[in-house]
Amino acid sequence: MREGGIALPSLCDGMGRCGRCMIRFQGAAPLPTQADRAALTPVQLREGYRLACTCRPVKDCVIETAFDTGQRIQTVTASHIGRAEPAGEIGDEKETAVAVDIGTTTIAMELRGGKSGRVLDTYTCVNPQSAYGTDVIARIRAGMEGQGEKLQKLVQGVLRTGLKQFRELAEKEKLCQPELMVISCNTTMGHIFMGYPLESLGQSPFRPVNIGSVKMEWEGLQTCLVPGISAFVGGDILSGLYACGLCGKEKEEAGKGGWLFIDLGTNAEMVMGVEGRLAGTAAAAGPAFEGRGRGGALGAERIAAIAALLEQGIIDETGLLQEPYFRNGAEVELPPDGDKKGAGKKVRITQEDIRDIQMAKGAVRTGIDFMARALTGGSYEQIRRVYVAGGLGFYLDKGAAVRIGLIPARLESRLETVGNTSLAGAALLGRELLKEGKSSGRQEAGVLKALEDYAARVEVFNLAESPGFEESYISYMNF
């Protein structure tokens, strides 16, 4: 957690004695350590509380800080696609690879079995670059102001820490040391990691230095950077499309319908495919979907709570909290929703929370509409599947997303929340690249070249500069 930029309130230097670095797992909590049992009550242990300094997650998980740092984090490694069933003992793995998702807000790493694809270990943390701003625009500005090298050292330091953990596990469990690392990230994070200048990303016409795939040796292992699509639709989106089986899928489904892929994060990126044509864009969502609500709610919780307040008439269609809630916010108990986390939890929503969500969802809905206009003349009838990715896209309440206007109502039955597809795609690519590396007589063109060719076909447009954007954005801010 220290590597993640969160100051631990620890008095024992991480020795598991003071009990002040308590965190809570929302499912998939590791078995309690001796330090956990000594510092926490049986009730807390059953509820998923652990000490951050001694626990080691080995499964997909979401972690909340349980101490008062002024911020809550939600790091999701899980996805509903690209998973491998556990098989055999950990020592049976003969080859391993590392998958990395460098997000603007969080960084997630997984050590995967090269053949089985199963998760052997995980490492996650808040992106320490957050000290320079919460979005890519702020990071670009910091880089242009001479902080590029510092930003690069911060992210590379996180990856070194994760690799060190994985290598120690491999040595302990007599596994093959990692042979390959695949990094998936947005274009800005990729530029920072590689040390590219950021000036061209910060001014029109927003041209990246390089969005092609990169192969290199880094920290003693072969490393690949997933290619991107444009300055603001990055490799994390292409990785997600690959994980969902959408690369090339528009050919298979020609005449049968199209699809929509949305990654809801700090920079909401989206791609639509209809009968062989591809369109992509990005919408500035800010912190609304990333779980830093001023009222203390995480992203999916805020959406569910706002939907409930709309149903109760406490929020009107303009987003205004009615009296007596306007000044101090309204508390709402999240409604039950199957196995979704947080059901029954009480969440306080402030007027600022509502405005954050309104601005973010207004931009996202405009992006969806503009892509539909480009590919279908504005109709949604040809869109048969909607994939919502990202941390929010794992716990999102579909009905709530439609109720607030984030997703068009006619697409609700076609919506699938898929989670961290950037990380899942990096893992799948790692397995494929390991196979390619072991194939004899293989052609030079491989999966990375195929992804580059696919990315080149996406018609990308700058949403903010598109005619009619402002009018559409304002209209979609209302509920």
# chains A, B, ... in the order shown; residues from 1 in each chain; ligands from 1
>>> select_by_dssp(residues="segment 38-142 of chain A", states="strand (DSSP E or B)", output="ChimeraX atom specification")
/A:49-51,63-65,79,96-102,106-113,119-126
>>> select_by_dssp(residues="segment 43-244 of chain A", states="alpha helix (DSSP H)", output="MDAnalysis selection string")
chainID A and resid 43:46 136:142 148:172 187:194 235:243
>>> write_last_selection(atoms="N, CA and C atoms", output="short mmCIF file (atom, residue, chain, number, x, y, z; two decimals), in the first residue's frame")
data_model
loop_
_atom_site.label_atom_id
_atom_site.label_comp_id
_atom_site.auth_asym_id
_atom_site.auth_seq_id
_atom_site.Cartn_x
_atom_site.Cartn_y
_atom_site.Cartn_z
N VAL A 43 -15.43 -11.45 14.43
CA VAL A 43 -16.44 -10.83 13.57
C VAL A 43 -15.78 -10.09 12.42
N GLN A 44 -14.73 -9.34 12.71
CA GLN A 44 -14.02 -8.60 11.66
C GLN A 44 -13.39 -9.56 10.64
N LEU A 45 -12.84 -10.66 11.13
CA LEU A 45 -12.24 -11.63 10.23
C LEU A 45 -13.30 -12.22 9.30
N ARG A 46 -14.48 -12.54 9.85
CA ARG A 46 -15.55 -13.09 9.02
C ARG A 46 -16.05 -12.09 8.00
N VAL A 136 -5.62 11.94 -17.01
CA VAL A 136 -4.51 11.93 -17.96
C VAL A 136 -4.10 13.35 -18.35
N ILE A 137 -5.04 14.26 -18.38
CA ILE A 137 -4.70 15.65 -18.74
C ILE A 137 -3.73 16.23 -17.72
N ALA A 138 -4.00 15.97 -16.45
CA ALA A 138 -3.11 16.46 -15.39
C ALA A 138 -1.72 15.82 -15.49
N ARG A 139 -1.66 14.53 -15.84
CA ARG A 139 -0.37 13.85 -15.96
C ARG A 139 0.40 14.41 -17.16
N ILE A 140 -0.31 14.65 -18.27
CA ILE A 140 0.33 15.23 -19.45
C ILE A 140 0.90 16.61 -19.11
N ARG A 141 0.10 17.39 -18.38
CA ARG A 141 0.56 18.73 -17.99
C ARG A 141 1.81 18.64 -17.11
N ALA A 142 1.79 17.69 -16.18
CA ALA A 142 2.95 17.52 -15.30
C ALA A 142 4.18 17.13 -16.10
N GLY A 148 8.18 14.48 -16.20
CA GLY A 148 8.05 13.21 -16.91
C GLY A 148 8.90 12.10 -16.34
N GLU A 149 10.14 12.41 -16.03
CA GLU A 149 11.04 11.38 -15.50
C GLU A 149 10.57 10.88 -14.14
N LYS A 150 10.06 11.79 -13.32
CA LYS A 150 9.54 11.37 -12.01
C LYS A 150 8.32 10.47 -12.17
N LEU A 151 7.43 10.83 -13.11
CA LEU A 151 6.26 10.01 -13.37
C LEU A 151 6.67 8.62 -13.84
N GLN A 152 7.68 8.56 -14.70
CA GLN A 152 8.16 7.28 -15.20
C GLN A 152 8.73 6.43 -14.07
N LYS A 153 9.52 7.03 -13.21
CA LYS A 153 10.12 6.29 -12.10
C LYS A 153 9.06 5.75 -11.15
N LEU A 154 7.99 6.51 -10.95
CA LEU A 154 6.93 6.06 -10.05
C LEU A 154 6.27 4.80 -10.57
N VAL A 155 5.88 4.80 -11.84
CA VAL A 155 5.17 3.64 -12.37
C VAL A 155 6.11 2.45 -12.53
N GLN A 156 7.34 2.70 -12.96
CA GLN A 156 8.29 1.59 -13.08
C GLN A 156 8.65 1.01 -11.73
N GLY A 157 8.65 1.85 -10.70
CA GLY A 157 8.91 1.36 -9.35
C GLY A 157 7.83 0.40 -8.88
N VAL A 158 6.57 0.71 -9.21
CA VAL A 158 5.47 -0.18 -8.85
C VAL A 158 5.64 -1.54 -9.54
N LEU A 159 5.95 -1.53 -10.82
CA LEU A 159 6.11 -2.78 -11.55
C LEU A 159 7.29 -3.59 -11.03
N ARG A 160 8.35 -2.92 -10.64
CA ARG A 160 9.49 -3.64 -10.06
C ARG A 160 9.09 -4.32 -8.74
N THR A 161 8.30 -3.62 -7.95
CA THR A 161 7.85 -4.20 -6.68
C THR A 161 6.99 -5.44 -6.93
N GLY A 162 6.07 -5.34 -7.89
CA GLY A 162 5.24 -6.48 -8.20
C GLY A 162 6.05 -7.65 -8.73
N LEU A 163 7.01 -7.36 -9.61
CA LEU A 163 7.85 -8.43 -10.15
C LEU A 163 8.67 -9.10 -9.05
N LYS A 164 9.15 -8.30 -8.12
CA LYS A 164 9.93 -8.86 -7.00
C LYS A 164 9.06 -9.84 -6.21
N GLN A 165 7.81 -9.47 -5.96
CA GLN A 165 6.90 -10.36 -5.23
C GLN A 165 6.68 -11.65 -6.02
N PHE A 166 6.47 -11.54 -7.32
CA PHE A 166 6.21 -12.72 -8.14
C PHE A 166 7.44 -13.62 -8.21
N ARG A 167 8.61 -13.03 -8.33
CA ARG A 167 9.83 -13.83 -8.42
C ARG A 167 10.12 -14.55 -7.12
N GLU A 168 9.82 -13.90 -6.01
CA GLU A 168 10.01 -14.56 -4.72
C GLU A 168 9.04 -15.73 -4.56
N LEU A 169 7.82 -15.56 -5.02
CA LEU A 169 6.85 -16.65 -4.97
C LEU A 169 7.31 -17.81 -5.85
N ALA A 170 7.80 -17.49 -7.06
CA ALA A 170 8.25 -18.53 -7.97
C ALA A 170 9.41 -19.33 -7.37
N GLU A 171 10.31 -18.64 -6.70
CA GLU A 171 11.43 -19.33 -6.07
C GLU A 171 10.95 -20.19 -4.91
N LYS A 172 10.03 -19.66 -4.12
CA LYS A 172 9.52 -20.40 -2.97
C LYS A 172 8.76 -21.65 -3.40
N THR A 187 -2.95 5.37 -23.64
CA THR A 187 -1.83 5.94 -24.39
C THR A 187 -0.93 6.81 -23.53
N THR A 188 -1.51 7.61 -22.65
CA THR A 188 -0.71 8.48 -21.78
C THR A 188 0.15 7.67 -20.84
N MET A 189 -0.43 6.64 -20.20
CA MET A 189 0.34 5.80 -19.29
C MET A 189 1.46 5.08 -20.04
N GLY A 190 1.19 4.67 -21.28
CA GLY A 190 2.22 4.01 -22.08
C GLY A 190 3.36 4.96 -22.41
N HIS A 191 3.03 6.18 -22.77
CA HIS A 191 4.07 7.18 -23.05
C HIS A 191 4.92 7.44 -21.81
N ILE A 192 4.27 7.54 -20.66
CA ILE A 192 5.02 7.81 -19.42
C ILE A 192 5.94 6.63 -19.11
N PHE A 193 5.42 5.41 -19.23
CA PHE A 193 6.24 4.23 -18.93
C PHE A 193 7.46 4.16 -19.85
N MET A 194 7.25 4.46 -21.13
CA MET A 194 8.35 4.38 -22.10
C MET A 194 9.27 5.60 -22.07
N GLY A 235 -4.21 1.18 -25.58
CA GLY A 235 -4.00 -0.25 -25.61
C GLY A 235 -4.86 -1.01 -24.62
N ASP A 236 -5.28 -0.34 -23.56
CA ASP A 236 -6.17 -1.01 -22.60
C ASP A 236 -7.50 -1.36 -23.24
N ILE A 237 -7.97 -0.52 -24.17
CA ILE A 237 -9.22 -0.79 -24.86
C ILE A 237 -9.03 -1.92 -25.88
N LEU A 238 -7.93 -1.88 -26.62
CA LEU A 238 -7.65 -2.94 -27.59
C LEU A 238 -7.49 -4.28 -26.87
N SER A 239 -6.83 -4.25 -25.72
CA SER A 239 -6.68 -5.46 -24.91
C SER A 239 -8.05 -5.97 -24.46
N GLY A 240 -8.93 -5.05 -24.07
CA GLY A 240 -10.28 -5.42 -23.66
C GLY A 240 -11.08 -6.02 -24.80
N LEU A 241 -10.97 -5.43 -25.99
CA LEU A 241 -11.66 -5.97 -27.16
C LEU A 241 -11.18 -7.39 -27.46
N TYR A 242 -9.88 -7.59 -27.32
CA TYR A 242 -9.30 -8.92 -27.55
C TYR A 242 -9.82 -9.91 -26.51
N ALA A 243 -9.90 -9.48 -25.25
CA ALA A 243 -10.38 -10.37 -24.20
C ALA A 243 -11.83 -10.77 -24.42
#
>>> residues_around(residues="Tyr476 of chain A", least_positions_apart="4", cutoff="12 Å", atoms="only C-alpha atoms", output="PyMOL selection string")
chain A and resi 317-319+357-369+404-408+469-472
>>> write_last_selection(atoms="C-alpha atoms", output="compact mmCIF listing (two decimals), in the first residue's frame")
# COMPACT_ATOMS: atom_id res chain seq x y z
CA GLU A 317 -34.75 15.40 -13.39
CA THR A 318 -32.25 18.27 -13.34
CA GLY A 319 -30.22 16.51 -10.64
CA ILE A 357 -22.16 11.63 -12.21
CA GLN A 358 -24.27 13.93 -14.41
CA MET A 359 -21.25 15.37 -16.18
CA ALA A 360 -19.65 11.97 -16.67
CA LYS A 361 -22.77 10.20 -17.92
CA GLY A 362 -23.64 13.13 -20.18
CA ALA A 363 -20.32 12.76 -21.95
CA VAL A 364 -20.58 8.96 -22.17
CA ARG A 365 -24.12 9.02 -23.59
CA THR A 366 -23.08 11.61 -26.15
CA GLY A 367 -20.18 9.39 -27.20
CA ILE A 368 -22.50 6.40 -27.62
CA ASP A 369 -24.93 8.48 -29.68
CA ILE A 404 -29.79 7.52 -14.54
CA GLY A 405 -29.39 7.56 -18.34
CA LEU A 406 -25.86 6.23 -18.56
CA ILE A 407 -26.95 3.42 -20.92
CA PRO A 408 -29.87 3.72 -23.38
CA PHE A 469 -21.44 17.84 -28.96
CA GLU A 470 -22.25 20.65 -26.56
CA GLU A 471 -26.01 20.50 -27.15
CA SER A 472 -26.08 16.71 -26.81
>>> residues_around(residues="Ser230 of chain A", least_positions_apart="2", cutoff="8 Å", atoms="only C-alpha atoms", output="ChimeraX atom specification")
/A:187,207-208,211,228,232-234,460
>>> write_last_selection(atoms="all heavy atoms", output="JSON list (two decimals), in the first residue's frame")
[["chain", "number", "residue", "atom", "x", "y", "z"],
["A", 187, "THR", "N", -2.95, 5.37, -23.64],
["A", 187, "THR", "CA", -1.83, 5.94, -24.39],
["A", 187, "THR", "C", -0.93, 6.81, -23.53],
["A", 187, "THR", "O", 0.30, 6.76, -23.64],
["A", 187, "THR", "CB", -2.36, 6.74, -25.59],
["A", 187, "THR", "OG1", -3.20, 5.88, -26.38],
["A", 187, "THR", "CG2", -1.23, 7.25, -26.45],
["A", 207, "ARG", "N", -1.36, 14.03, -31.33],
["A", 207, "ARG", "CA", -0.70, 12.92, -32.01],
["A", 207, "ARG", "C", 0.27, 12.22, -31.06],
["A", 207, "ARG", "O", 1.18, 12.85, -30.54],
["A", 207, "ARG", "CB", 0.06, 13.43, -33.23],
["A", 207, "ARG", "CG", -0.87, 13.90, -34.36],
["A", 207, "ARG", "CD", -0.09, 14.47, -35.51],
["A", 207, "ARG", "NE", -0.97, 14.88, -36.60],
["A", 207, "ARG", "CZ", -0.60, 15.65, -37.60],
["A", 207, "ARG", "NH1", 0.63, 16.12, -37.64],
["A", 207, "ARG", "NH2", -1.46, 15.97, -38.56],
["A", 208, "PRO", "N", 0.09, 10.93, -30.85],
["A", 208, "PRO", "CA", 1.02, 10.20, -29.99],
["A", 208, "PRO", "C", 2.37, 10.00, -30.66],
["A", 208, "PRO", "O", 2.46, 9.99, -31.89],
["A", 208, "PRO", "CB", 0.30, 8.86, -29.78],
["A", 208, "PRO", "CG", -0.61, 8.72, -30.95],
["A", 208, "PRO", "CD", -1.02, 10.10, -31.34],
["A", 211, "ILE", "N", 2.02, 4.53, -31.05],
["A", 211, "ILE", "CA", 0.96, 3.68, -30.49],
["A", 211, "ILE", "C", 1.07, 2.25, -31.01],
["A", 211, "ILE", "O", 0.18, 1.43, -30.80],
["A", 211, "ILE", "CB", -0.45, 4.24, -30.79],
["A", 211, "ILE", "CG1", -0.64, 4.49, -32.28],
["A", 211, "ILE", "CG2", -0.73, 5.48, -29.97],
["A", 211, "ILE", "CD1", -2.08, 4.85, -32.63],
["A", 228, "GLY", "N", -1.92, 0.70, -29.19],
["A", 228, "GLY", "CA", -3.10, 1.53, -28.95],
["A", 228, "GLY", "C", -3.84, 1.84, -30.23],
["A", 228, "GLY", "O", -3.46, 1.41, -31.32],
["A", 232, "PHE", "N", -6.28, 9.02, -27.33],
["A", 232, "PHE", "CA", -7.13, 8.88, -26.16],
["A", 232, "PHE", "C", -7.96, 7.60, -26.16],
["A", 232, "PHE", "O", -8.85, 7.42, -25.32],
["A", 232, "PHE", "CB", -8.05, 10.10, -26.03],
["A", 232, "PHE", "CG", -7.30, 11.36, -25.71],
["A", 232, "PHE", "CD1", -7.14, 12.36, -26.64],
["A", 232, "PHE", "CD2", -6.70, 11.51, -24.47],
["A", 232, "PHE", "CE1", -6.43, 13.51, -26.35],
["A", 232, "PHE", "CE2", -5.99, 12.66, -24.15],
["A", 232, "PHE", "CZ", -5.84, 13.66, -25.10],
["A", 233, "VAL", "N", -7.70, 6.69, -27.08],
["A", 233, "VAL", "CA", -8.28, 5.34, -27.05],
["A", 233, "VAL", "C", -7.09, 4.40, -27.11],
["A", 233, "VAL", "O", -6.51, 4.19, -28.17],
["A", 233, "VAL", "CB", -9.26, 5.09, -28.21],
["A", 233, "VAL", "CG1", -9.88, 3.70, -28.09],
["A", 233, "VAL", "CG2", -10.35, 6.16, -28.23],
["A", 234, "GLY", "N", -6.72, 3.87, -25.96],
["A", 234, "GLY", "CA", -5.42, 3.23, -25.84],
["A", 234, "GLY", "C", -5.38, 1.72, -25.95],
["A", 234, "GLY", "O", -6.36, 1.06, -26.31],
["A", 460, "VAL", "N", -11.67, 6.98, -35.39],
["A", 460, "VAL", "CA", -11.65, 7.67, -34.11],
["A", 460, "VAL", "C", -11.98, 9.15, -34.32],
["A", 460, "VAL", "O", -11.47, 9.78, -35.25],
["A", 460, "VAL", "CB", -10.28, 7.54, -33.43],
["A", 460, "VAL", "CG1", -10.28, 8.27, -32.09],
["A", 460, "VAL", "CG2", -9.93, 6.07, -33.22]]
>>> closest_residue(among="A:Val226, A:Ala28, A:Leu463, A:Ile314", to="Asp101 of chain A", atoms="only C-alpha atoms")
A:Val226
>>> closest_residue(among="A:Phe261, A:Phe479, A:Tyr380, A:Trp218", to="Val182 of chain A", atoms="only C-alpha atoms")
A:Trp218
>>> closest_residue(among="A:Leu433, A:Asp92, A:Pro287, A:Val347", to="Gly113 of chain A", atoms="only C-alpha atoms")
A:Asp92
>>> atom_distance(atom1="atom CA of Leu448 of chain A", atom2="atom CA of Lys94 of chain A")
24.0 Å
>>> residues_around(residues="Val274 of chain A", least_positions_apart="2", cutoff="8 Å", atoms="only C-alpha atoms", output="PyMOL selection string")
chain A and resi 250+254+257-259+272+276-278+375-376+382-383
>>> atom_distance(atom1="atom CA of Gly117 of chain A", atom2="atom CA of Thr421 of chain A")
14.6 Å
>>> atom_distance(atom1="atom CA of Cys53 of chain A", atom2="atom CA of Ala35 of chain A")
9.4 Å
>>> closest_residue(among="A:Ala29, A:Met216, A:Val119, A:Cys185", to="Thr106 of chain A", atoms="only C-alpha atoms")
A:Cys185
>>> closest_residue(among="A:Ser130, A:Ser200, A:Thr77, A:Thr54", to="Gly390 of chain A", atoms="only C-alpha atoms")
A:Thr77
>>> residues_around(residues="Val458 of chain A", least_positions_apart="3", cutoff="7 Å", atoms="only C-alpha atoms", output="list in words")
Leu278, Ala279, Gly280 and Ala455 of chain A
>>> closest_residue(among="A:Gly143, A:Gly393, A:Gly430, A:Gly329", to="Val76 of chain A", atoms="only C-alpha atoms")
A:Gly393
